[in-house]
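J.: If it helps, the file is called final39.cif and holds mmCIF, C-alpha atoms:
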```
data_upload
#
loop_
_atom_site.label_atom_id
_atom_site.label_comp_id
_atom_site.auth_asym_id
_atom_site.auth_seq_id
_atom_site.Cartn_x
_atom_site.Cartn_y
_atom_site.Cartn_z
CA MET L 23 84.09 59.15 118.70
CA ARG L 24 86.68 61.83 117.97
CA ARG L 25 85.58 65.22 119.23
CA ARG L 26 85.30 67.82 116.49
CA ARG L 27 86.44 71.28 117.48
CA THR L 28 84.69 74.23 115.96
CA SER L 29 87.55 76.60 116.78
CA ARG L 30 91.26 76.31 117.38
CA GLU L 31 91.05 76.06 121.13
CA ARG L 32 94.25 75.01 122.82
CA ILE L 33 94.28 71.56 124.37
CA THR L 34 96.95 71.32 127.05
CA ILE L 35 99.03 68.48 128.42
CA GLN L 36 97.02 68.86 131.64
CA ASP L 37 93.80 68.16 129.71
CA VAL L 38 95.28 64.96 128.32
CA ALA L 39 96.62 63.89 131.71
CA GLU L 40 93.26 64.44 133.43
CA ARG L 41 91.28 62.62 130.74
CA ALA L 42 93.72 59.67 130.75
CA GLY L 43 94.02 59.59 134.54
CA VAL L 44 97.81 59.90 134.52
CA SER L 45 100.43 62.51 135.40
CA LYS L 46 101.75 65.16 133.02
CA MET L 47 105.12 63.42 133.18
CA THR L 48 103.53 60.21 131.89
CA VAL L 49 101.96 62.09 128.99
CA SER L 50 105.35 63.66 128.26
CA ASN L 51 107.01 60.25 128.30
CA VAL L 52 104.46 58.95 125.81
CA VAL L 53 104.90 61.97 123.53
CA ASN L 54 108.72 61.73 123.74
CA ARG L 55 108.79 57.91 123.59
CA THR L 56 110.90 57.95 126.73
CA GLY L 57 110.59 56.56 130.24
CA LYS L 58 108.85 53.41 131.39
CA VAL L 59 105.19 53.47 130.43
CA GLY L 60 103.13 50.30 130.32
CA GLY L 61 101.53 49.25 127.05
CA ALA L 62 97.97 49.72 128.26
CA THR L 63 98.75 53.16 129.71
CA ARG L 64 100.55 54.23 126.54
CA ALA L 65 97.60 53.11 124.41
CA ARG L 66 95.16 54.98 126.66
CA VAL L 67 97.19 58.21 126.51
CA LEU L 68 97.57 57.98 122.73
CA GLY L 69 93.84 57.44 122.42
CA VAL L 70 93.12 60.56 124.46
CA ILE L 71 95.64 62.56 122.39
CA GLU L 72 93.85 61.45 119.22
CA ASP L 73 90.41 62.07 120.70
CA LEU L 74 91.22 65.60 121.89
CA GLY L 75 93.34 66.54 118.89
CA TYR L 76 96.20 67.44 121.24
CA VAL L 77 99.26 69.09 119.65
CA PRO L 78 102.32 68.76 121.93
CA SER L 79 103.82 72.09 122.94
CA GLN L 80 107.53 72.79 123.18
CA ALA L 81 107.28 72.78 126.97
CA ALA L 82 105.56 69.40 127.06
CA ARG L 83 108.12 67.93 124.71
CA HIS L 84 110.91 68.95 127.04
CA LEU L 85 109.52 68.06 130.46
CA VAL L 86 111.98 65.17 130.65
CA GLY L 87 114.75 67.40 129.29
CA SER L 88 116.76 64.62 127.65
CA ALA L 89 114.96 63.88 124.39
CA ALA L 90 116.81 64.80 121.21
CA ALA L 91 115.32 67.88 119.57
CA ARG L 92 113.13 67.21 116.57
CA ILE L 93 113.35 69.74 113.77
CA GLY L 94 110.54 69.96 111.25
CA LEU L 95 111.49 70.89 107.68
CA ILE L 96 109.00 72.20 105.10
CA TYR L 97 109.96 72.62 101.46
CA ARG L 98 108.21 72.62 98.09
CA ASP L 99 107.78 69.31 96.27
CA VAL L 100 109.25 70.35 92.90
CA GLU L 101 112.26 69.28 90.85
CA SER L 102 115.01 71.69 91.88
CA MET L 103 118.76 71.29 92.23
CA PHE L 104 118.77 74.05 94.84
CA LEU L 105 116.20 72.24 96.98
CA ASN L 106 118.01 68.92 96.57
CA VAL L 107 121.26 70.44 97.82
CA ALA L 108 119.56 72.42 100.60
CA VAL L 109 117.71 69.38 101.96
CA ALA L 110 120.88 67.27 101.78
CA ASP L 111 122.89 69.92 103.66
CA ILE L 112 120.17 70.29 106.29
CA SER L 113 120.02 66.50 106.74
CA VAL L 114 123.77 66.24 107.19
CA GLY L 115 123.81 69.21 109.57
CA ALA L 116 121.02 67.72 111.67
CA ALA L 117 122.80 64.37 111.89
CA GLU L 118 126.06 66.04 112.93
CA ARG L 119 124.23 67.82 115.76
CA GLY L 120 122.32 64.78 116.97
CA LEU L 121 118.99 66.24 115.88
CA GLN L 122 116.06 64.30 114.51
CA LEU L 123 114.80 65.73 111.21
CA LEU L 124 111.12 65.43 110.34
CA VAL L 125 110.41 66.33 106.71
CA ARG L 126 107.26 67.43 104.95
CA ARG L 127 107.20 68.16 101.22
CA ALA L 128 104.36 70.53 100.46
CA ALA L 129 102.53 69.93 97.19
CA ASP L 130 101.99 73.63 96.52
CA ALA L 131 102.34 77.07 98.07
CA SER L 132 98.73 77.50 99.13
CA PRO L 133 97.82 78.53 102.68
CA GLU L 134 95.92 75.25 103.09
CA GLU L 135 98.91 73.10 102.11
CA THR L 136 101.22 75.17 104.29
CA GLU L 137 98.92 74.66 107.27
CA ARG L 138 98.65 70.93 106.58
CA ALA L 139 102.42 70.49 106.50
CA ALA L 140 103.10 72.65 109.56
CA MET L 141 100.41 71.07 111.74
CA SER L 142 101.49 67.59 110.65
CA LEU L 143 105.01 68.33 111.83
CA LYS L 144 103.84 69.65 115.18
CA ARG L 145 101.60 66.64 115.75
CA SER L 146 104.60 64.43 114.96
CA GLY L 147 106.50 66.10 117.80
CA ALA L 148 108.57 68.77 116.06
CA ASP L 149 110.14 71.21 118.52
CA GLY L 150 111.07 73.80 115.91
CA LEU L 151 110.60 74.55 112.22
CA LEU L 152 113.11 75.12 109.46
CA LEU L 153 111.59 76.68 106.34
CA ILE L 154 112.69 77.14 102.73
CA PRO L 155 110.93 79.77 100.55
CA PRO L 156 108.12 80.39 99.86
CA TYR L 157 106.98 79.05 103.25
CA PRO L 158 108.70 81.67 105.44
CA GLU L 159 106.89 84.40 103.53
CA LEU L 160 103.58 82.50 103.76
CA LEU L 161 103.83 81.87 107.51
CA SER L 162 105.30 85.17 108.69
CA GLY L 163 102.67 87.28 110.42
CA SER L 164 100.04 84.54 110.22
CA ALA L 165 97.72 83.25 112.92
CA LEU L 166 99.02 79.77 112.16
CA LEU L 167 102.59 80.69 113.10
CA ARG L 168 101.35 82.11 116.41
CA GLU L 169 99.34 78.97 117.05
CA LEU L 170 102.31 76.71 116.30
CA ASP L 171 104.21 78.54 119.06
CA MET L 172 107.60 77.04 118.29
CA PRO L 173 110.99 78.45 117.25
CA THR L 174 111.17 78.94 113.49
CA VAL L 175 114.15 79.66 111.26
CA ALA L 176 114.23 80.22 107.50
CA ILE L 177 117.09 79.99 105.03
CA ALA L 178 117.46 81.80 101.69
CA THR L 179 114.92 84.55 102.25
CA ALA L 180 115.62 88.03 100.90
CA THR L 181 114.93 90.07 104.02
CA PRO L 182 114.68 89.65 107.79
CA LEU L 183 111.24 88.68 109.08
CA PRO L 184 109.62 90.04 112.26
CA ASP L 185 108.67 86.65 113.73
CA ILE L 186 111.01 84.15 111.99
CA ALA L 187 114.78 84.01 112.37
CA THR L 188 116.60 84.11 109.02
CA VAL L 189 119.89 82.97 107.49
CA ARG L 190 120.50 84.40 104.04
CA ILE L 191 122.73 86.24 101.62
CA ASP L 192 122.18 89.73 100.21
CA ASN L 193 120.27 88.70 97.09
CA PHE L 194 119.91 92.31 95.93
CA ALA L 195 123.67 92.92 96.09
CA ALA L 196 124.42 89.59 94.41
CA ALA L 197 122.19 90.28 91.40
CA ARG L 198 123.51 93.82 91.17
CA ALA L 199 127.08 92.50 91.12
CA MET L 200 126.28 89.99 88.38
CA THR L 201 124.58 92.63 86.24
CA ALA L 202 127.51 94.99 86.70
CA LEU L 203 129.90 92.25 85.59
CA LEU L 204 127.95 91.71 82.38
CA ILE L 205 127.89 95.44 81.68
CA SER L 206 131.65 95.62 82.26
CA ARG L 207 132.10 92.94 79.57
CA GLY L 208 130.23 94.98 77.00
CA TYR L 209 126.74 93.49 77.21
CA ARG L 210 124.00 96.07 76.91
CA ARG L 211 120.73 94.32 76.04
CA ILE L 212 120.50 92.11 79.12
CA GLY L 213 117.43 89.96 79.66
CA PHE L 214 116.32 88.76 83.08
CA VAL L 215 114.34 85.63 83.96
CA ALA L 216 112.84 86.11 87.40
CA GLY L 217 111.79 83.36 89.76
CA ALA L 218 108.42 82.62 91.30
CA PRO L 219 106.83 85.85 92.57
CA ARG L 220 105.95 84.36 95.99
CA HIS L 221 109.67 84.10 96.75
CA SER L 222 111.16 87.22 98.33
CA ASP L 223 114.62 86.25 97.03
CA SER L 224 113.29 86.30 93.47
CA LEU L 225 112.00 89.85 93.89
CA ALA L 226 115.28 91.01 95.48
CA ARG L 227 117.30 89.62 92.57
CA LEU L 228 115.11 91.45 90.09
CA GLU L 229 115.55 94.71 92.00
CA GLY L 230 119.33 94.21 92.07
CA TYR L 231 119.31 93.80 88.29
CA LYS L 232 117.30 97.01 87.87
CA ALA L 233 119.57 98.93 90.24
CA ALA L 234 122.70 97.96 88.32
CA LEU L 235 121.16 99.00 85.00
CA ALA L 236 120.25 102.38 86.48
CA ALA L 237 123.70 102.84 88.01
CA HIS L 238 125.27 102.38 84.56
CA GLY L 239 122.82 104.60 82.70
CA LEU L 240 120.95 101.75 81.01
CA PRO L 241 117.14 101.81 80.84
CA PHE L 242 115.03 99.01 82.28
CA ASP L 243 113.00 97.44 79.47
CA PRO L 244 110.11 95.33 80.83
CA VAL L 245 110.02 93.39 77.55
CA LEU L 246 113.40 91.92 78.52
CA CYS L 247 112.09 90.72 81.89
CA VAL L 248 110.25 87.37 81.91
CA GLU L 249 108.74 85.63 84.92
CA GLY L 250 109.83 82.02 85.52
CA LEU L 251 109.14 79.40 88.16
CA PHE L 252 112.68 78.39 89.17
CA THR L 253 112.33 75.27 86.98
CA PHE L 254 114.22 74.00 83.92
CA ALA L 255 110.99 73.99 81.90
CA SER L 256 110.23 77.62 82.76
CA GLY L 257 113.77 78.53 81.65
CA ILE L 258 113.05 76.99 78.25
CA GLU L 259 109.79 78.89 77.96
CA ALA L 260 111.43 82.17 78.96
CA ALA L 261 114.28 81.65 76.48
CA ASN L 262 111.86 81.08 73.61
CA ARG L 263 110.12 84.36 74.43
CA LEU L 264 113.35 86.33 74.77
CA PHE L 265 114.97 84.90 71.65
CA ALA L 266 111.90 85.83 69.58
CA LEU L 267 112.55 89.53 70.29
CA ARG L 268 114.14 91.75 67.66
CA PRO L 269 116.74 92.68 68.53
CA ARG L 270 117.16 89.76 70.90
CA PRO L 271 119.19 90.00 74.12
CA ASP L 272 122.96 89.65 74.01
CA ALA L 273 122.90 88.29 77.59
CA VAL L 274 120.32 86.63 79.82
CA MET L 275 120.47 86.48 83.62
CA ALA L 276 118.44 83.74 85.28
CA ALA L 277 117.36 83.88 88.91
CA ASN L 278 118.60 80.32 89.47
CA ASP L 279 120.78 77.70 87.79
CA ASP L 280 117.92 75.42 86.72
CA MET L 281 116.39 78.16 84.57
CA ALA L 282 119.83 79.13 83.24
CA CYS L 283 120.30 75.55 82.05
CA GLY L 284 116.98 75.73 80.21
CA ILE L 285 118.15 78.91 78.51
CA LEU L 286 121.41 77.25 77.46
CA TRP L 287 119.46 74.29 76.10
CA VAL L 288 117.40 76.53 73.79
CA ALA L 289 120.48 78.51 72.75
CA HIS L 290 122.25 75.31 71.70
CA SER L 291 119.18 74.14 69.78
CA LEU L 292 119.29 77.42 67.81
CA ASN L 293 123.02 76.98 67.09
CA PHE L 294 124.06 80.10 69.00
CA ARG L 295 127.77 80.48 69.57
CA LEU L 296 128.27 80.68 73.31
CA PRO L 297 129.31 83.03 74.78
CA GLU L 298 130.04 84.99 71.56
CA ASP L 299 126.37 85.29 70.54
CA LEU L 300 124.87 85.12 74.02
CA ALA L 301 125.97 85.24 77.64
CA VAL L 302 124.00 83.29 80.24
CA THR L 303 124.30 83.52 84.03
CA GLY L 304 122.61 81.69 86.90
CA PHE L 305 122.25 81.83 90.66
CA ASP L 306 123.03 79.32 93.48
CA ASP L 307 126.06 77.46 92.02
CA THR L 308 124.47 74.02 92.19
CA LEU L 309 126.06 70.94 90.63
CA VAL L 310 124.51 71.60 87.21
CA ALA L 311 126.55 74.80 86.86
CA THR L 312 129.63 72.73 86.03
CA ARG L 313 127.77 70.02 84.10
CA VAL L 314 126.63 72.22 81.21
CA TRP L 315 128.51 73.78 78.31
CA PRO L 316 129.73 76.39 78.57
CA THR L 317 130.10 76.10 82.31
CA LEU L 318 127.86 78.57 84.09
CA THR L 319 128.81 81.91 85.59
CA THR L 320 126.69 82.12 88.72
CA ILE L 321 126.27 83.34 92.30
CA ARG L 322 127.28 80.86 94.99
CA GLN L 323 125.09 80.62 98.08
CA PRO L 324 126.91 78.90 100.98
CA LEU L 325 124.10 76.40 101.55
CA ALA L 326 125.95 74.10 103.94
CA ALA L 327 126.89 77.06 106.15
CA MET L 328 123.35 78.44 105.95
CA ALA L 329 121.91 75.09 107.03
CA GLY L 330 124.36 74.81 109.91
CA HIS L 331 123.66 78.29 111.21
CA ALA L 332 119.90 77.72 110.94
CA LEU L 333 120.08 74.49 112.95
CA ASP L 334 122.28 76.11 115.60
CA MET L 335 119.82 78.99 115.89
CA LEU L 336 116.96 76.54 116.41
CA VAL L 337 118.84 74.65 119.12
CA ASP L 338 119.73 77.94 120.86
CA ALA L 339 116.10 79.11 120.67
CA LEU L 340 114.91 75.87 122.26
CA ARG L 341 117.32 76.38 125.16
CA ARG L 342 117.06 80.16 125.51
CA PRO L 343 114.12 81.74 123.71
CA ALA L 344 115.09 85.17 122.34
CA PRO L 345 112.72 88.17 122.35
CA LYS L 346 113.55 89.04 118.74
CA PRO L 347 114.36 86.65 115.87
CA ALA L 348 117.94 86.89 114.62
CA ASP L 349 118.95 87.71 111.06
CA LYS L 350 122.30 86.35 109.84
CA VAL L 351 123.63 87.47 106.46
CA LEU L 352 126.42 85.33 104.96
CA ASP L 353 128.78 86.27 102.14
CA PHE L 354 128.01 85.24 98.57
CA SER L 355 130.58 84.60 95.84
CA LEU L 356 130.39 85.51 92.17
CA ILE L 357 131.78 82.49 90.31
CA GLU L 358 132.90 83.34 86.79
CA ARG L 359 133.04 80.53 84.24
CA GLY L 360 132.80 80.12 80.49
CA SER L 361 129.24 81.33 79.86
CA ILE L 362 130.27 85.00 79.55
CA ARG L 363 132.99 86.68 77.50
CA ALA L 364 136.42 86.90 79.08
CA ILE L 365 138.14 90.20 79.80
CA GLY L 366 139.42 91.86 76.63
CA SER L 367 137.01 90.06 74.26
CA LYS L 368 133.99 92.35 74.18
CA GLY L 369 133.41 91.97 70.47
CA GLU L 370 131.28 94.17 68.32
#
```
What's the structure tokens form of this structure?

T.:
Amino acid sequence: MRRRRTSRERITIQDVAERAGVSKMTVSNVVNRTGKVGGATRARVLGVIEDLGYVPSQAARHLVGSAAARIGLIYRDVESMFLNVAVADISVGAAERGLQLLVRRAADASPEETERAAMSLKRSGADGLLLIPPYPELLSGSALLRELDMPTVAIATATPLPDIATVRIDNFAAARAMTALLISRGYRRIGFVAGAPRHSDSLARLEGYKAALAAHGLPFDPVLCVEGLFTFASGIEAANRLFALRPRPDAVMAANDDMACGILWVAHSLNFRLPEDLAVTGFDDTLVATRVWPTLTTIRQPLAAMAGHALDMLVDALRRPAPKPADKVLDFSLIERGSIRAIGSKGE
């Protein structure tokens, strides 16, 4: 019968070895699927691992020193062009580096689902974790992260984290730059569709928008700010709310491209002239930005570079653990396309 633990006591490789009557090296070979271990011995060790609820530690995984590192990836199970691109770039980057990628799609952003996904990855032999928001924010500072005891890197957060290495852009500066561009083109009643509030990058983009308004002497009107969920559907809902205002916005900034596409969809259904009647901007520069009309002015995040840096940081941390998690900030690009007025055509 499987032993039920009433608390999260740590079961060690030594415990497994003693119960199975084998050496620690044999347990490591079973965990890593390396070395010559007889079928009966392997089955006995696996049975003890299951019985004790043993979660392999980074040290146990690397006793043989030659196994390819296994990187566990957690991301939200939602329809998102950003996530599709990020996961693809991480997969390619892992393959290029000879890393094994273990993936868990979390059904929601609850603590329970986060714990399920993280512990599942560790039990599957992950040596390190790569996180996409909102999971860095959920795990940072938690008892679960301390219990996992493995190198962890996050991409696309808004700020550095005390216990998780980060690779990101300056979301605040990017949103401020986009808002300033719209103001320079004559837009004054600028709406903003924020992303999910659990995401630190969403909050940073909203603050960048507010800062640019203030810097140009424009008041922040909370009526013009609508919360979205980073989805196409939430962009449609936000657009319907904003376009019902009188006067309605002359520009709408969305915190990602998916929501911007939803806004464009509603604008077309209402026969708006674009960009004459309305400017729309996005964030991320995913494939959809050039598959809509007018093509979308947006902020480009260098996702492939972010994924590569994150994987390199994980490999380095496995070889040489660092006392303090690193924070790498990459450059963003403001990509101007047809969804805002061109220079010299401000209109009245």

J.: Go through L:Pro155, L:Phe194, L:Met275, L:Val100 and flag the residue nearest Ala255 in chain L, using all atoms listed in the file for the distances.

T.: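 Among the listed residues, the smallest separation from Ala255 in chain L belongs to L:Val100.
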
J.: Do a neighbour search on range 228-237 of chain L at 9 Å with all atoms listed in the file, toss out local chain neighbours closer than 4 positions, and write the hits as a list in words.

T.: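 The residues satisfying every condition are Asn193, Phe194, Ala195, Ala196, Ala197, Arg198, Ala199, Met200, Thr201, Ala202, Ile205, Phe214, Val215, Ala216, Gly217, Asp223, Ser224, Pro241, Phe242, Cys247, Met275 and Ala277 of chain L.
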
J.: Convert the output of the PyMOL selection byres ((chain L and resi 103) around 12) on the shown file into explicit residues, formatted as a PyMOL selection string.

T.: chain L and resi 99-102+104-110+252-254+278-283+305-311+325

J.: Starting from the displayed file, determine the output of the PyMOL selection byres ((chain L and resi 330-346) around 8) and express the residue list as a list in words.

T.: Ala91, Ile112, Gly115, Ala116, Asp149, Gly150, Leu151, Leu152, Pro173, Thr174, Val175, Ala176, Ile177, Pro184, Asp185, Ala187, Thr188, Val189, Ala326, Ala327, Met328, Ala329, Pro347 and Ala348 of chain L

J.: Could you tell me how far CA of Pro158 in chain L sits from CA of Gly304 in chain L, in Å to one decimal place?

T.: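 Atom-to-atom, CA of Gly304 in chain L to CA of Pro158 in chain L, that is 23.2 Å.
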
J.: Can you sort out the box for range 127-134 of chain L, edges along x, y and z, all listed atoms in, 4 Å on every side, with centre and edge lengths in Å to one decimal, as lines of an AutoDock Vina configuration file?

T.:
```
center_x = 101.6
center_y = 73.3
center_z = 99.8
size_x = 19.3
size_y = 18.4
size_z = 14.6
```

J.: L:Val274, L:Val44, L:Ala226, L:Leu167: which is nearest Ala261 in chain L, counting all atoms listed in the file?

T.: L:Val274

J.: Measure the distance from CA of Glu137 in chain L to CA of Ala180 in chain L in Å and round it to one decimal.

T.: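 CA of Ala180 in chain L lies at a distance of 22.3 Å from CA of Glu137 in chain L.
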
J.: Suppose you want the space between CA of Asp130 in chain L and CA of Ile96 in chain L; what is it in Å?

T.: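 Between CA of Asp130 in chain L and CA of Ile96 in chain L the gap is 11.2 Å.
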
J.: Please identify all polymer residues within 10 Å of Val245 in chain L, counting all atoms listed in the file, omitting same-chain residues fewer than 3 positions from it, and present them as a list of chain:residue names.

T.: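 My reading of the contact set: L:Gly213, L:Phe214, L:Phe242, L:Val248, L:Arg263, L:Leu264, L:Leu267.
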
J.: Point out the residue among L:Leu225, L:Ala117, L:Leu143, L:Leu286 with the least atom-to-atom distance to Thr181 in chain L, counting only C-alpha atoms.

T.: L:Leu225

J.: Between L:Arg98, L:Arg145, L:Arg127, L:Arg313, which residue has the minimum interatomic distance to Tyr76 in chain L, considering all atoms listed in the file?

T.: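 For Tyr76 in chain L, the nearest of the given residues is L:Arg145.
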
J.: When you count all atoms listed in the file, which of these residues is closest to Leu183 in chain L: L:Glu169, L:Glu134, L:Glu159, L:Glu259?

T.: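 The answer is L:Glu159, which sits nearest to Leu183 in chain L.
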
J.: Output the residue selection produced by the PyMOL selection byres ((chain L and resi 269) around 12) on the file above, formatted as a tab-separated table (two decimals) with C-alpha atoms, in the coordinates of the input.

T.:
```tsv
chain	number	residue	atom	x	y	z
L	210	ARG	CA	124.00	96.07	76.91
L	211	ARG	CA	120.73	94.32	76.04
L	212	ILE	CA	120.50	92.11	79.12
L	213	GLY	CA	117.43	89.96	79.66
L	245	VAL	CA	110.02	93.39	77.55
L	246	LEU	CA	113.40	91.92	78.52
L	264	LEU	CA	113.35	86.33	74.77
L	265	PHE	CA	114.97	84.90	71.65
L	266	ALA	CA	111.90	85.83	69.58
L	267	LEU	CA	112.55	89.53	70.29
L	268	ARG	CA	114.14	91.75	67.66
L	270	ARG	CA	117.16	89.76	70.90
L	271	PRO	CA	119.19	90.00	74.12
L	272	ASP	CA	122.96	89.65	74.01
L	273	ALA	CA	122.90	88.29	77.59
```

J.: Nearest residue to Thr320 in chain L out of L:Ile191, L:Ile93, L:Leu356, L:Ile362, using all atoms listed in the file?

T.: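 Residue with the minimum atom-to-atom distance to Thr320 in chain L: L:Leu356.
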
J.: Can you tell me which residues surround Ile71 in chain L at a distance of at most 12 Å, considering all atoms listed in the file, apart from same-chain residues fewer than 2 positions away, and format the answer as a PDB file with C-alpha atoms, keeping the file's coordinate frame?

T.:
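Once written, selection-v1.pdb looks like this:
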```pdb
ATOM      1  CA  ARG L  24      86.680  61.830 117.970  1.00  0.00           C
ATOM      2  CA  ARG L  25      85.580  65.220 119.230  1.00  0.00           C
ATOM      3  CA  ILE L  33      94.280  71.560 124.370  1.00  0.00           C
ATOM      4  CA  THR L  34      96.950  71.320 127.050  1.00  0.00           C
ATOM      5  CA  ILE L  35      99.030  68.480 128.420  1.00  0.00           C
ATOM      6  CA  GLN L  36      97.020  68.860 131.640  1.00  0.00           C
ATOM      7  CA  ASP L  37      93.800  68.160 129.710  1.00  0.00           C
ATOM      8  CA  VAL L  38      95.280  64.960 128.320  1.00  0.00           C
ATOM      9  CA  ALA L  39      96.620  63.890 131.710  1.00  0.00           C
ATOM     10  CA  GLU L  40      93.260  64.440 133.430  1.00  0.00           C
ATOM     11  CA  ARG L  41      91.280  62.620 130.740  1.00  0.00           C
ATOM     12  CA  ALA L  42      93.720  59.670 130.750  1.00  0.00           C
ATOM     13  CA  VAL L  49     101.960  62.090 128.990  1.00  0.00           C
ATOM     14  CA  SER L  50     105.350  63.660 128.260  1.00  0.00           C
ATOM     15  CA  VAL L  52     104.460  58.950 125.810  1.00  0.00           C
ATOM     16  CA  VAL L  53     104.900  61.970 123.530  1.00  0.00           C
ATOM     17  CA  ARG L  64     100.550  54.230 126.540  1.00  0.00           C
ATOM     18  CA  ALA L  65      97.600  53.110 124.410  1.00  0.00           C
ATOM     19  CA  ARG L  66      95.160  54.980 126.660  1.00  0.00           C
ATOM     20  CA  VAL L  67      97.190  58.210 126.510  1.00  0.00           C
ATOM     21  CA  LEU L  68      97.570  57.980 122.730  1.00  0.00           C
ATOM     22  CA  GLY L  69      93.840  57.440 122.420  1.00  0.00           C
ATOM     23  CA  ASP L  73      90.410  62.070 120.700  1.00  0.00           C
ATOM     24  CA  LEU L  74      91.220  65.600 121.890  1.00  0.00           C
ATOM     25  CA  GLY L  75      93.340  66.540 118.890  1.00  0.00           C
ATOM     26  CA  TYR L  76      96.200  67.440 121.240  1.00  0.00           C
ATOM     27  CA  VAL L  77      99.260  69.090 119.650  1.00  0.00           C
ATOM     28  CA  PRO L  78     102.320  68.760 121.930  1.00  0.00           C
ATOM     29  CA  ARG L 145     101.600  66.640 115.750  1.00  0.00           C
ATOM     30  CA  SER L 146     104.600  64.430 114.960  1.00  0.00           C
TER      31      SER L 146
END
```

J.: With a distance cut-off of 7 Å and all atoms listed in the file, select the neighbouring residues of Ser361 in chain L, excluding the residue or stretch itself and same-chain residues fewer than 3 positions from it, and output the selection as a PyMOL selection string.

T.: chain L and resi 296-297+301-303+316-319

J.: Export, as a CSV table (one decimal), in the frame of the given file, the selected residues with C-alpha atoms.

T.:
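Written file, out_18.csv:
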```csv
chain,number,residue,atom,x,y,z
L,296,LEU,CA,128.3,80.7,73.3
L,297,PRO,CA,129.3,83.0,74.8
L,301,ALA,CA,126.0,85.2,77.6
L,302,VAL,CA,124.0,83.3,80.2
L,303,THR,CA,124.3,83.5,84.0
L,316,PRO,CA,129.7,76.4,78.6
L,317,THR,CA,130.1,76.1,82.3
L,318,LEU,CA,127.9,78.6,84.1
L,319,THR,CA,128.8,81.9,85.6
```
